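Read through the structure below, which is laid out as structure tokens, and then see the notes.
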Amino acid sequence: MQARPRDDAGITLILGGARSGKSRLAETLAEKRDGRLVYIATAEAWDEEMRARIAEHKLRRDDRWHTIEAPVAVAEVLQALPAETGAVLIDCLTLWLSNLMHAGRDLGAETAGLLTALNTARFPVLLVSNEVGLGIVPENKLARDFRDAQGRLNQAVAAAADHAIFMAAGLPLVLK
């Protein structure tokens, strides 16, 4: 595996709760880069509420952005992008994990694949993810399994990241 040359941007993980400002911060950071910007979207529009959220995100992005919908194939898409890509925003790991779990995929293997893709990327990558472990213990096994898997995924990506930011109430707290 060829190591990715680190630059001032590298890999940035942005964590936080729902509507904390994660995506907006990630977009702002990406837009500081020159060149083509790629938005890897993991959400699927299963209902009207999700369609509205997706539309809101799209309205914020100008024509520098190229959107690729990848509900599960995030690592594969990331590895296929050209080296001259200005920056990539993956939004979000939480929906990606949910999609993987619903598809019955091997979470360990998928996480390893993502980490390999991040390590070999030759452009800045920003990842958005929810911090879901700050609330009460979920009452059902699936919800507890999801919370635990999200915590493990966030830890693995944070360890690989050059920068980690926690968002709360629209305010960034730099963790790394």
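Identifiers for the structure tokens are assigned positionally: chains receive A, B, ... in sequence, residues are indexed from 1 per chain, and ligands are indexed from 1 in the order shown.
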
(message) List as a count of residues only the protein and nucleic acid residues near region 41-44 of chain A, meaning an atom at most 10 Å away when only C-alpha atoms are counted, but skip any in the same chain fewer than 5 places from it.
(response) 23

(message) According to DSSP computed on the backbone, where in region 7-133 of chain A is there helix (DSSP H, G or I)? Give the residues as a PyMOL selection string.
(response) chain A and resi 22-30+48-60+74-80+93-102+107-120

(request) Please identify all polymer residues within 12 Å of Gln150 (chain A), counting only C-alpha atoms, omitting same-chain residues fewer than 5 positions from it, and present them as a ChimeraX atom specification. (result) /A:15,92-98,100-101,107-108,111,129-134,143-145,155-158

Now that the selection is made, can you save its residues with N, CA and C atoms as a short mmCIF file (atom, residue, chain, number, x, y, z; two decimals), in the first residue's frame?
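part-v1.cif was written with the following content:
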```
data_model
loop_
_atom_site.label_atom_id
_atom_site.label_comp_id
_atom_site.auth_asym_id
_atom_site.auth_seq_id
_atom_site.Cartn_x
_atom_site.Cartn_y
_atom_site.Cartn_z
N LEU A 15 -17.12 15.51 13.92
CA LEU A 15 -18.13 14.80 14.71
C LEU A 15 -19.10 15.78 15.35
N CYS A 92 -22.62 11.04 5.17
CA CYS A 92 -21.92 10.96 6.43
C CYS A 92 -21.63 9.49 6.76
N LEU A 93 -20.69 9.30 7.66
CA LEU A 93 -20.32 7.94 8.08
C LEU A 93 -21.45 7.26 8.85
N THR A 94 -22.29 8.03 9.51
CA THR A 94 -23.39 7.45 10.29
C THR A 94 -24.39 6.75 9.39
N LEU A 95 -24.77 7.40 8.31
CA LEU A 95 -25.69 6.77 7.36
C LEU A 95 -25.00 5.62 6.63
N TRP A 96 -23.71 5.78 6.33
CA TRP A 96 -22.95 4.71 5.68
C TRP A 96 -22.98 3.46 6.56
N LEU A 97 -22.71 3.63 7.86
CA LEU A 97 -22.74 2.50 8.78
C LEU A 97 -24.12 1.87 8.83
N SER A 98 -25.15 2.68 8.91
CA SER A 98 -26.52 2.16 8.93
C SER A 98 -26.81 1.35 7.66
N LEU A 100 -24.62 -0.17 5.76
CA LEU A 100 -23.85 -1.42 5.84
C LEU A 100 -24.53 -2.45 6.72
N MET A 101 -25.02 -1.99 7.87
CA MET A 101 -25.69 -2.91 8.80
C MET A 101 -26.95 -3.49 8.18
N LEU A 107 -18.73 -5.31 9.04
CA LEU A 107 -18.35 -3.95 9.44
C LEU A 107 -16.84 -3.81 9.63
N GLY A 108 -16.20 -4.83 10.13
CA GLY A 108 -14.75 -4.78 10.29
C GLY A 108 -14.03 -4.67 8.96
N THR A 111 -14.74 -1.19 7.40
CA THR A 111 -13.94 -0.16 8.07
C THR A 111 -12.50 -0.23 7.62
N SER A 129 -19.47 12.68 10.71
CA SER A 129 -20.04 11.56 11.43
C SER A 129 -20.76 12.05 12.68
N ASN A 130 -21.82 11.36 13.05
CA ASN A 130 -22.54 11.71 14.27
C ASN A 130 -21.89 11.06 15.47
N GLU A 131 -21.88 11.77 16.56
CA GLU A 131 -21.50 11.21 17.86
C GLU A 131 -22.80 10.77 18.50
N VAL A 132 -23.04 9.47 18.51
CA VAL A 132 -24.34 8.96 18.96
C VAL A 132 -24.29 8.38 20.37
N GLY A 133 -23.14 8.39 21.00
CA GLY A 133 -23.00 7.74 22.30
C GLY A 133 -23.14 8.64 23.50
N LEU A 134 -23.66 9.84 23.34
CA LEU A 134 -23.74 10.77 24.46
C LEU A 134 -25.07 10.74 25.19
N ALA A 143 -30.41 -0.99 18.30
CA ALA A 143 -29.96 0.37 18.58
C ALA A 143 -28.66 0.38 19.37
N ARG A 144 -28.53 -0.54 20.34
CA ARG A 144 -27.28 -0.62 21.11
C ARG A 144 -26.13 -1.08 20.21
N ASP A 145 -26.39 -2.05 19.34
CA ASP A 145 -25.36 -2.52 18.41
C ASP A 145 -24.92 -1.38 17.49
N GLN A 155 -13.88 6.00 16.39
CA GLN A 155 -12.54 5.88 16.98
C GLN A 155 -11.51 5.49 15.94
N ALA A 156 -11.84 4.56 15.05
CA ALA A 156 -10.90 4.11 14.03
C ALA A 156 -10.56 5.24 13.07
N VAL A 157 -11.58 5.98 12.63
CA VAL A 157 -11.33 7.08 11.70
C VAL A 157 -10.58 8.21 12.40
N ALA A 158 -10.93 8.50 13.64
CA ALA A 158 -10.22 9.55 14.39
C ALA A 158 -8.74 9.21 14.55
#
```

Ile14 (chain A): which residues within 6 Å, counting only C-alpha atoms, same-chain residues fewer than 4 positions away excluded, as a short mmCIF file (atom, residue, chain, number, x, y, z; two decimals) with C-alpha atoms, in the first residue's frame?
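Contents of the output file result18.cif:
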```cif
data_model
loop_
_atom_site.label_atom_id
_atom_site.label_comp_id
_atom_site.auth_asym_id
_atom_site.auth_seq_id
_atom_site.Cartn_x
_atom_site.Cartn_y
_atom_site.Cartn_z
CA VAL A 128 -18.74 13.88 8.73
CA ALA A 164 -10.64 15.88 14.44
CA ILE A 165 -13.26 18.50 15.29
CA PHE A 166 -16.30 18.16 17.54
#
```

Close residues, Val125 (chain A) itself excluded, 12 Å, only C-alpha atoms, min 3 positions apart in chain, as a PDB file with N, CA, C and O atoms, in the first residue's frame:
```pdb
ATOM      1  N   ARG A   4      -0.094   7.834   1.710  1.00  0.00           N
ATOM      2  CA  ARG A   4      -0.581   9.117   1.207  1.00  0.00           C
ATOM      3  C   ARG A   4       0.334  10.221   1.705  1.00  0.00           C
ATOM      4  O   ARG A   4       0.617  10.315   2.889  1.00  0.00           O
ATOM      5  N   ARG A   6       1.136  13.546   3.258  1.00  0.00           N
ATOM      6  CA  ARG A   6       0.357  14.431   4.128  1.00  0.00           C
ATOM      7  C   ARG A   6       0.581  15.878   3.693  1.00  0.00           C
ATOM      8  O   ARG A   6       1.675  16.276   3.377  1.00  0.00           O
ATOM      9  N   ASP A   7      -0.476  16.654   3.694  1.00  0.00           N
ATOM     10  CA  ASP A   7      -0.342  18.084   3.475  1.00  0.00           C
ATOM     11  C   ASP A   7      -1.021  18.801   4.625  1.00  0.00           C
ATOM     12  O   ASP A   7      -1.320  18.200   5.652  1.00  0.00           O
ATOM     13  N   ASP A   8      -1.260  20.082   4.470  1.00  0.00           N
ATOM     14  CA  ASP A   8      -1.856  20.837   5.575  1.00  0.00           C
ATOM     15  C   ASP A   8      -3.296  20.440   5.852  1.00  0.00           C
ATOM     16  O   ASP A   8      -3.832  20.760   6.896  1.00  0.00           O
ATOM     17  N   ALA A   9      -3.934  19.728   4.939  1.00  0.00           N
ATOM     18  CA  ALA A   9      -5.333  19.343   5.129  1.00  0.00           C
ATOM     19  C   ALA A   9      -5.450  17.889   5.559  1.00  0.00           C
ATOM     20  O   ALA A   9      -6.072  17.585   6.563  1.00  0.00           O
ATOM     21  N   GLY A  10      -4.851  16.956   4.817  1.00  0.00           N
ATOM     22  CA  GLY A  10      -4.895  15.548   5.170  1.00  0.00           C
ATOM     23  C   GLY A  10      -6.301  15.023   5.338  1.00  0.00           C
ATOM     24  O   GLY A  10      -7.193  15.301   4.551  1.00  0.00           O
ATOM     25  N   ILE A  11      -6.504  14.267   6.402  1.00  0.00           N
ATOM     26  CA  ILE A  11      -7.809  13.677   6.719  1.00  0.00           C
ATOM     27  C   ILE A  11      -8.384  14.441   7.914  1.00  0.00           C
ATOM     28  O   ILE A  11      -7.717  14.594   8.936  1.00  0.00           O
ATOM     29  N   THR A  12      -9.621  14.907   7.763  1.00  0.00           N
ATOM     30  CA  THR A  12     -10.287  15.643   8.829  1.00  0.00           C
ATOM     31  C   THR A  12     -11.614  14.965   9.157  1.00  0.00           C
ATOM     32  O   THR A  12     -12.449  14.799   8.270  1.00  0.00           O
ATOM     33  N   LEU A  13     -11.795  14.584  10.413  1.00  0.00           N
ATOM     34  CA  LEU A  13     -13.048  14.015  10.892  1.00  0.00           C
ATOM     35  C   LEU A  13     -13.803  15.093  11.653  1.00  0.00           C
ATOM     36  O   LEU A  13     -13.239  15.735  12.546  1.00  0.00           O
ATOM     37  N   ILE A  14     -15.070  15.294  11.289  1.00  0.00           N
ATOM     38  CA  ILE A  14     -15.916  16.266  11.971  1.00  0.00           C
ATOM     39  C   ILE A  14     -17.084  15.512  12.590  1.00  0.00           C
ATOM     40  O   ILE A  14     -17.896  14.922  11.887  1.00  0.00           O
ATOM     41  N   ALA A  26     -17.690  21.277   7.248  1.00  0.00           N
ATOM     42  CA  ALA A  26     -16.935  20.457   6.298  1.00  0.00           C
ATOM     43  C   ALA A  26     -16.945  21.086   4.903  1.00  0.00           C
ATOM     44  O   ALA A  26     -15.910  21.133   4.223  1.00  0.00           O
ATOM     45  N   GLU A  27     -18.094  21.579   4.478  1.00  0.00           N
ATOM     46  CA  GLU A  27     -18.189  22.245   3.170  1.00  0.00           C
ATOM     47  C   GLU A  27     -17.302  23.485   3.128  1.00  0.00           C
ATOM     48  O   GLU A  27     -16.587  23.722   2.144  1.00  0.00           O
ATOM     49  N   LEU A  29     -14.590  24.151   4.897  1.00  0.00           N
ATOM     50  CA  LEU A  29     -13.183  23.748   4.860  1.00  0.00           C
ATOM     51  C   LEU A  29     -12.790  23.233   3.476  1.00  0.00           C
ATOM     52  O   LEU A  29     -11.711  23.548   2.972  1.00  0.00           O
ATOM     53  N   ALA A  30     -13.651  22.434   2.863  1.00  0.00           N
ATOM     54  CA  ALA A  30     -13.354  21.908   1.526  1.00  0.00           C
ATOM     55  C   ALA A  30     -13.254  23.031   0.503  1.00  0.00           C
ATOM     56  O   ALA A  30     -12.381  23.011  -0.382  1.00  0.00           O
ATOM     57  N   GLU A  31     -14.130  24.011   0.606  1.00  0.00           N
ATOM     58  CA  GLU A  31     -14.166  25.095  -0.375  1.00  0.00           C
ATOM     59  C   GLU A  31     -12.945  26.000  -0.316  1.00  0.00           C
ATOM     60  O   GLU A  31     -12.717  26.794  -1.224  1.00  0.00           O
ATOM     61  N   ARG A  33     -10.059  24.812  -0.649  1.00  0.00           N
ATOM     62  CA  ARG A  33      -9.105  24.110  -1.516  1.00  0.00           C
ATOM     63  C   ARG A  33      -9.332  24.506  -2.973  1.00  0.00           C
ATOM     64  O   ARG A  33     -10.447  24.814  -3.381  1.00  0.00           O
ATOM     65  N   LEU A  37     -14.201  19.752  -6.319  1.00  0.00           N
ATOM     66  CA  LEU A  37     -14.613  19.234  -5.019  1.00  0.00           C
ATOM     67  C   LEU A  37     -15.597  18.092  -5.228  1.00  0.00           C
ATOM     68  O   LEU A  37     -16.504  18.196  -6.062  1.00  0.00           O
ATOM     69  N   VAL A  38     -15.400  17.017  -4.500  1.00  0.00           N
ATOM     70  CA  VAL A  38     -16.254  15.840  -4.637  1.00  0.00           C
ATOM     71  C   VAL A  38     -17.000  15.615  -3.329  1.00  0.00           C
ATOM     72  O   VAL A  38     -16.400  15.588  -2.258  1.00  0.00           O
ATOM     73  N   TYR A  39     -18.309  15.444  -3.461  1.00  0.00           N
ATOM     74  CA  TYR A  39     -19.180  15.183  -2.314  1.00  0.00           C
ATOM     75  C   TYR A  39     -19.660  13.741  -2.457  1.00  0.00           C
ATOM     76  O   TYR A  39     -20.395  13.419  -3.383  1.00  0.00           O
ATOM     77  N   ILE A  40     -19.206  12.865  -1.564  1.00  0.00           N
ATOM     78  CA  ILE A  40     -19.667  11.480  -1.559  1.00  0.00           C
ATOM     79  C   ILE A  40     -20.837  11.411  -0.576  1.00  0.00           C
ATOM     80  O   ILE A  40     -20.657  11.557   0.630  1.00  0.00           O
ATOM     81  N   VAL A  74     -18.320   3.564  -0.378  1.00  0.00           N
ATOM     82  CA  VAL A  74     -17.529   4.772  -0.126  1.00  0.00           C
ATOM     83  C   VAL A  74     -16.052   4.547  -0.420  1.00  0.00           C
ATOM     84  O   VAL A  74     -15.420   5.352  -1.113  1.00  0.00           O
ATOM     85  N   ALA A  75     -15.468   3.482   0.083  1.00  0.00           N
ATOM     86  CA  ALA A  75     -14.038   3.228  -0.119  1.00  0.00           C
ATOM     87  C   ALA A  75     -13.712   3.064  -1.601  1.00  0.00           C
ATOM     88  O   ALA A  75     -12.717   3.608  -2.090  1.00  0.00           O
ATOM     89  N   LEU A  78     -13.830   6.466  -3.309  1.00  0.00           N
ATOM     90  CA  LEU A  78     -12.682   7.257  -2.883  1.00  0.00           C
ATOM     91  C   LEU A  78     -11.415   6.823  -3.613  1.00  0.00           C
ATOM     92  O   LEU A  78     -10.641   7.654  -4.087  1.00  0.00           O
ATOM     93  N   GLN A  79     -11.213   5.516  -3.740  1.00  0.00           N
ATOM     94  CA  GLN A  79     -10.013   5.008  -4.411  1.00  0.00           C
ATOM     95  C   GLN A  79     -10.016   5.273  -5.913  1.00  0.00           C
ATOM     96  O   GLN A  79      -8.954   5.343  -6.525  1.00  0.00           O
ATOM     97  N   LEU A  81     -11.060   8.057  -7.407  1.00  0.00           N
ATOM     98  CA  LEU A  81     -10.952   9.479  -7.744  1.00  0.00           C
ATOM     99  C   LEU A  81      -9.544   9.836  -8.196  1.00  0.00           C
ATOM    100  O   LEU A  81      -8.564   9.297  -7.676  1.00  0.00           O
ATOM    101  N   ALA A  83      -5.985  11.848  -8.662  1.00  0.00           N
ATOM    102  CA  ALA A  83      -5.093  12.497  -7.697  1.00  0.00           C
ATOM    103  C   ALA A  83      -5.269  14.010  -7.682  1.00  0.00           C
ATOM    104  O   ALA A  83      -5.047  14.645  -6.652  1.00  0.00           O
ATOM    105  N   THR A  85      -7.904  15.709  -7.627  1.00  0.00           N
ATOM    106  CA  THR A  85      -9.119  16.139  -6.936  1.00  0.00           C
ATOM    107  C   THR A  85      -8.739  17.161  -5.866  1.00  0.00           C
ATOM    108  O   THR A  85      -7.790  16.955  -5.117  1.00  0.00           O
ATOM    109  N   GLY A  86      -9.484  18.265  -5.794  1.00  0.00           N
ATOM    110  CA  GLY A  86      -9.169  19.328  -4.841  1.00  0.00           C
ATOM    111  C   GLY A  86      -9.421  18.918  -3.399  1.00  0.00           C
ATOM    112  O   GLY A  86      -8.598  19.150  -2.521  1.00  0.00           O
ATOM    113  N   ALA A  87     -10.567  18.310  -3.141  1.00  0.00           N
ATOM    114  CA  ALA A  87     -10.919  17.814  -1.809  1.00  0.00           C
ATOM    115  C   ALA A  87     -12.145  16.928  -1.943  1.00  0.00           C
ATOM    116  O   ALA A  87     -12.939  17.076  -2.876  1.00  0.00           O
ATOM    117  N   VAL A  88     -12.297  16.020  -0.979  1.00  0.00           N
ATOM    118  CA  VAL A  88     -13.444  15.110  -0.946  1.00  0.00           C
ATOM    119  C   VAL A  88     -14.127  15.271   0.399  1.00  0.00           C
ATOM    120  O   VAL A  88     -13.472  15.311   1.438  1.00  0.00           O
ATOM    121  N   LEU A  89     -15.450  15.329   0.361  1.00  0.00           N
ATOM    122  CA  LEU A  89     -16.264  15.363   1.572  1.00  0.00           C
ATOM    123  C   LEU A  89     -17.152  14.131   1.580  1.00  0.00           C
ATOM    124  O   LEU A  89     -17.918  13.907   0.635  1.00  0.00           O
ATOM    125  N   ILE A  90     -17.026  13.308   2.603  1.00  0.00           N
ATOM    126  CA  ILE A  90     -17.870  12.131   2.780  1.00  0.00           C
ATOM    127  C   ILE A  90     -18.908  12.470   3.841  1.00  0.00           C
ATOM    128  O   ILE A  90     -18.562  12.719   4.992  1.00  0.00           O
ATOM    129  N   ASP A  91     -20.170  12.493   3.444  1.00  0.00           N
ATOM    130  CA  ASP A  91     -21.245  12.909   4.345  1.00  0.00           C
ATOM    131  C   ASP A  91     -22.391  11.924   4.217  1.00  0.00           C
ATOM    132  O   ASP A  91     -23.089  11.932   3.214  1.00  0.00           O
ATOM    133  N   LEU A 114     -12.197   1.284   4.226  1.00  0.00           N
ATOM    134  CA  LEU A 114     -12.249   2.746   4.287  1.00  0.00           C
ATOM    135  C   LEU A 114     -10.914   3.308   4.756  1.00  0.00           C
ATOM    136  O   LEU A 114     -10.393   4.268   4.180  1.00  0.00           O
ATOM    137  N   LEU A 115     -10.348   2.719   5.785  1.00  0.00           N
ATOM    138  CA  LEU A 115      -9.063   3.206   6.304  1.00  0.00           C
ATOM    139  C   LEU A 115      -7.958   3.078   5.265  1.00  0.00           C
ATOM    140  O   LEU A 115      -7.112   3.975   5.130  1.00  0.00           O
ATOM    141  N   ALA A 117      -8.417   3.203   1.991  1.00  0.00           N
ATOM    142  CA  ALA A 117      -8.695   4.247   0.999  1.00  0.00           C
ATOM    143  C   ALA A 117      -8.266   5.615   1.516  1.00  0.00           C
ATOM    144  O   ALA A 117      -7.711   6.427   0.764  1.00  0.00           O
ATOM    145  N   LEU A 118      -8.507   5.883   2.789  1.00  0.00           N
ATOM    146  CA  LEU A 118      -8.091   7.166   3.359  1.00  0.00           C
ATOM    147  C   LEU A 118      -6.576   7.296   3.366  1.00  0.00           C
ATOM    148  O   LEU A 118      -6.024   8.350   3.046  1.00  0.00           O
ATOM    149  N   ASN A 119      -5.888   6.220   3.738  1.00  0.00           N
ATOM    150  CA  ASN A 119      -4.431   6.251   3.821  1.00  0.00           C
ATOM    151  C   ASN A 119      -3.767   6.438   2.466  1.00  0.00           C
ATOM    152  O   ASN A 119      -2.682   6.999   2.378  1.00  0.00           O
ATOM    153  N   THR A 120      -4.407   5.991   1.407  1.00  0.00           N
ATOM    154  CA  THR A 120      -3.812   6.095   0.073  1.00  0.00           C
ATOM    155  C   THR A 120      -4.329   7.279  -0.727  1.00  0.00           C
ATOM    156  O   THR A 120      -3.825   7.539  -1.825  1.00  0.00           O
ATOM    157  N   ALA A 121      -5.292   8.017  -0.198  1.00  0.00           N
ATOM    158  CA  ALA A 121      -5.822   9.189  -0.911  1.00  0.00           C
ATOM    159  C   ALA A 121      -4.731  10.251  -1.049  1.00  0.00           C
ATOM    160  O   ALA A 121      -3.972  10.498  -0.116  1.00  0.00           O
ATOM    161  N   ARG A 122      -4.662  10.859  -2.222  1.00  0.00           N
ATOM    162  CA  ARG A 122      -3.647  11.884  -2.475  1.00  0.00           C
ATOM    163  C   ARG A 122      -4.261  13.277  -2.516  1.00  0.00           C
ATOM    164  O   ARG A 122      -3.747  14.166  -3.182  1.00  0.00           O
ATOM    165  N   VAL A 128     -17.742  13.439   7.756  1.00  0.00           N
ATOM    166  CA  VAL A 128     -18.739  13.877   8.728  1.00  0.00           C
ATOM    167  C   VAL A 128     -19.326  12.633   9.385  1.00  0.00           C
ATOM    168  O   VAL A 128     -19.629  11.648   8.704  1.00  0.00           O
ATOM    169  N   VAL A 157     -11.580   5.984  12.633  1.00  0.00           N
ATOM    170  CA  VAL A 157     -11.334   7.081  11.697  1.00  0.00           C
ATOM    171  C   VAL A 157     -10.581   8.209  12.401  1.00  0.00           C
ATOM    172  O   VAL A 157      -9.657   8.796  11.824  1.00  0.00           O
ATOM    173  N   ALA A 160      -6.919   7.542  12.501  1.00  0.00           N
ATOM    174  CA  ALA A 160      -6.265   7.707  11.203  1.00  0.00           C
ATOM    175  C   ALA A 160      -6.216   9.167  10.759  1.00  0.00           C
ATOM    176  O   ALA A 160      -5.415   9.526   9.889  1.00  0.00           O
ATOM    177  N   ALA A 161      -7.061  10.006  11.334  1.00  0.00           N
ATOM    178  CA  ALA A 161      -7.194  11.390  10.893  1.00  0.00           C
ATOM    179  C   ALA A 161      -6.042  12.261  11.370  1.00  0.00           C
ATOM    180  O   ALA A 161      -5.467  12.034  12.433  1.00  0.00           O
ATOM    181  N   ASP A 162      -5.749  13.269  10.564  1.00  0.00           N
ATOM    182  CA  ASP A 162      -4.777  14.286  10.948  1.00  0.00           C
ATOM    183  C   ASP A 162      -5.424  15.329  11.849  1.00  0.00           C
ATOM    184  O   ASP A 162      -4.755  15.939  12.683  1.00  0.00           O
ATOM    185  N   HIS A 163      -6.735  15.535  11.648  1.00  0.00           N
ATOM    186  CA  HIS A 163      -7.483  16.538  12.398  1.00  0.00           C
ATOM    187  C   HIS A 163      -8.824  15.938  12.802  1.00  0.00           C
ATOM    188  O   HIS A 163      -9.418  15.185  12.035  1.00  0.00           O
ATOM    189  N   ALA A 164      -9.305  16.286  13.992  1.00  0.00           N
ATOM    190  CA  ALA A 164     -10.637  15.884  14.443  1.00  0.00           C
ATOM    191  C   ALA A 164     -11.273  17.091  15.129  1.00  0.00           C
ATOM    192  O   ALA A 164     -10.628  17.753  15.943  1.00  0.00           O
TER     193      ALA A 164
END
```

(message) Among region 27-112 of chain A, which ones does DSSP assign to strand (DSSP E or B) (computed from the backbone)? Answer as a list in words.
(response)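 Assigned to strand (DSSP E or B), within region 27-112 of chain A: Leu37, Val38, Tyr39, Ile40, Ala41, Trp65, His66, Thr67, Ile68, Glu69, Ala87, Val88, Leu89, Ile90 and Asp91 of chain A.
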
Generate a file of the selected residues that holds N, CA, C and O atoms, formatted as a PDB file, in the first residue's frame.
```pdb
ATOM      1  N   LEU A  37     -14.201  19.752  -6.319  1.00  0.00           N
ATOM      2  CA  LEU A  37     -14.613  19.234  -5.019  1.00  0.00           C
ATOM      3  C   LEU A  37     -15.597  18.092  -5.228  1.00  0.00           C
ATOM      4  O   LEU A  37     -16.504  18.196  -6.062  1.00  0.00           O
ATOM      5  N   VAL A  38     -15.400  17.017  -4.500  1.00  0.00           N
ATOM      6  CA  VAL A  38     -16.254  15.840  -4.637  1.00  0.00           C
ATOM      7  C   VAL A  38     -17.000  15.615  -3.329  1.00  0.00           C
ATOM      8  O   VAL A  38     -16.400  15.588  -2.258  1.00  0.00           O
ATOM      9  N   TYR A  39     -18.309  15.444  -3.461  1.00  0.00           N
ATOM     10  CA  TYR A  39     -19.180  15.183  -2.314  1.00  0.00           C
ATOM     11  C   TYR A  39     -19.660  13.741  -2.457  1.00  0.00           C
ATOM     12  O   TYR A  39     -20.395  13.419  -3.383  1.00  0.00           O
ATOM     13  N   ILE A  40     -19.206  12.865  -1.564  1.00  0.00           N
ATOM     14  CA  ILE A  40     -19.667  11.480  -1.559  1.00  0.00           C
ATOM     15  C   ILE A  40     -20.837  11.411  -0.576  1.00  0.00           C
ATOM     16  O   ILE A  40     -20.657  11.557   0.630  1.00  0.00           O
ATOM     17  N   ALA A  41     -22.021  11.217  -1.133  1.00  0.00           N
ATOM     18  CA  ALA A  41     -23.257  11.210  -0.346  1.00  0.00           C
ATOM     19  C   ALA A  41     -23.655   9.778  -0.022  1.00  0.00           C
ATOM     20  O   ALA A  41     -23.768   8.938  -0.911  1.00  0.00           O
ATOM     21  N   TRP A  65     -18.729  21.638  -7.021  1.00  0.00           N
ATOM     22  CA  TRP A  65     -18.980  20.348  -6.390  1.00  0.00           C
ATOM     23  C   TRP A  65     -19.516  19.335  -7.392  1.00  0.00           C
ATOM     24  O   TRP A  65     -20.396  19.641  -8.186  1.00  0.00           O
ATOM     25  N   HIS A  66     -18.995  18.132  -7.310  1.00  0.00           N
ATOM     26  CA  HIS A  66     -19.510  16.981  -8.069  1.00  0.00           C
ATOM     27  C   HIS A  66     -19.986  15.962  -7.030  1.00  0.00           C
ATOM     28  O   HIS A  66     -19.202  15.521  -6.188  1.00  0.00           O
ATOM     29  N   THR A  67     -21.264  15.613  -7.085  1.00  0.00           N
ATOM     30  CA  THR A  67     -21.833  14.685  -6.108  1.00  0.00           C
ATOM     31  C   THR A  67     -21.835  13.264  -6.653  1.00  0.00           C
ATOM     32  O   THR A  67     -22.240  13.028  -7.787  1.00  0.00           O
ATOM     33  N   ILE A  68     -21.369  12.342  -5.827  1.00  0.00           N
ATOM     34  CA  ILE A  68     -21.411  10.913  -6.146  1.00  0.00           C
ATOM     35  C   ILE A  68     -22.203  10.240  -5.036  1.00  0.00           C
ATOM     36  O   ILE A  68     -21.843  10.344  -3.861  1.00  0.00           O
ATOM     37  N   GLU A  69     -23.279   9.568  -5.395  1.00  0.00           N
ATOM     38  CA  GLU A  69     -24.082   8.856  -4.410  1.00  0.00           C
ATOM     39  C   GLU A  69     -23.499   7.471  -4.207  1.00  0.00           C
ATOM     40  O   GLU A  69     -23.359   6.695  -5.151  1.00  0.00           O
ATOM     41  N   ALA A  87     -10.567  18.310  -3.141  1.00  0.00           N
ATOM     42  CA  ALA A  87     -10.919  17.814  -1.809  1.00  0.00           C
ATOM     43  C   ALA A  87     -12.145  16.928  -1.943  1.00  0.00           C
ATOM     44  O   ALA A  87     -12.939  17.076  -2.876  1.00  0.00           O
ATOM     45  N   VAL A  88     -12.297  16.020  -0.979  1.00  0.00           N
ATOM     46  CA  VAL A  88     -13.444  15.110  -0.946  1.00  0.00           C
ATOM     47  C   VAL A  88     -14.127  15.271   0.399  1.00  0.00           C
ATOM     48  O   VAL A  88     -13.472  15.311   1.438  1.00  0.00           O
ATOM     49  N   LEU A  89     -15.450  15.329   0.361  1.00  0.00           N
ATOM     50  CA  LEU A  89     -16.264  15.363   1.572  1.00  0.00           C
ATOM     51  C   LEU A  89     -17.152  14.131   1.580  1.00  0.00           C
ATOM     52  O   LEU A  89     -17.918  13.907   0.635  1.00  0.00           O
ATOM     53  N   ILE A  90     -17.026  13.308   2.603  1.00  0.00           N
ATOM     54  CA  ILE A  90     -17.870  12.131   2.780  1.00  0.00           C
ATOM     55  C   ILE A  90     -18.908  12.470   3.841  1.00  0.00           C
ATOM     56  O   ILE A  90     -18.562  12.719   4.992  1.00  0.00           O
ATOM     57  N   ASP A  91     -20.170  12.493   3.444  1.00  0.00           N
ATOM     58  CA  ASP A  91     -21.245  12.909   4.345  1.00  0.00           C
ATOM     59  C   ASP A  91     -22.391  11.924   4.217  1.00  0.00           C
ATOM     60  O   ASP A  91     -23.089  11.932   3.214  1.00  0.00           O
TER      61      ASP A  91
END
```
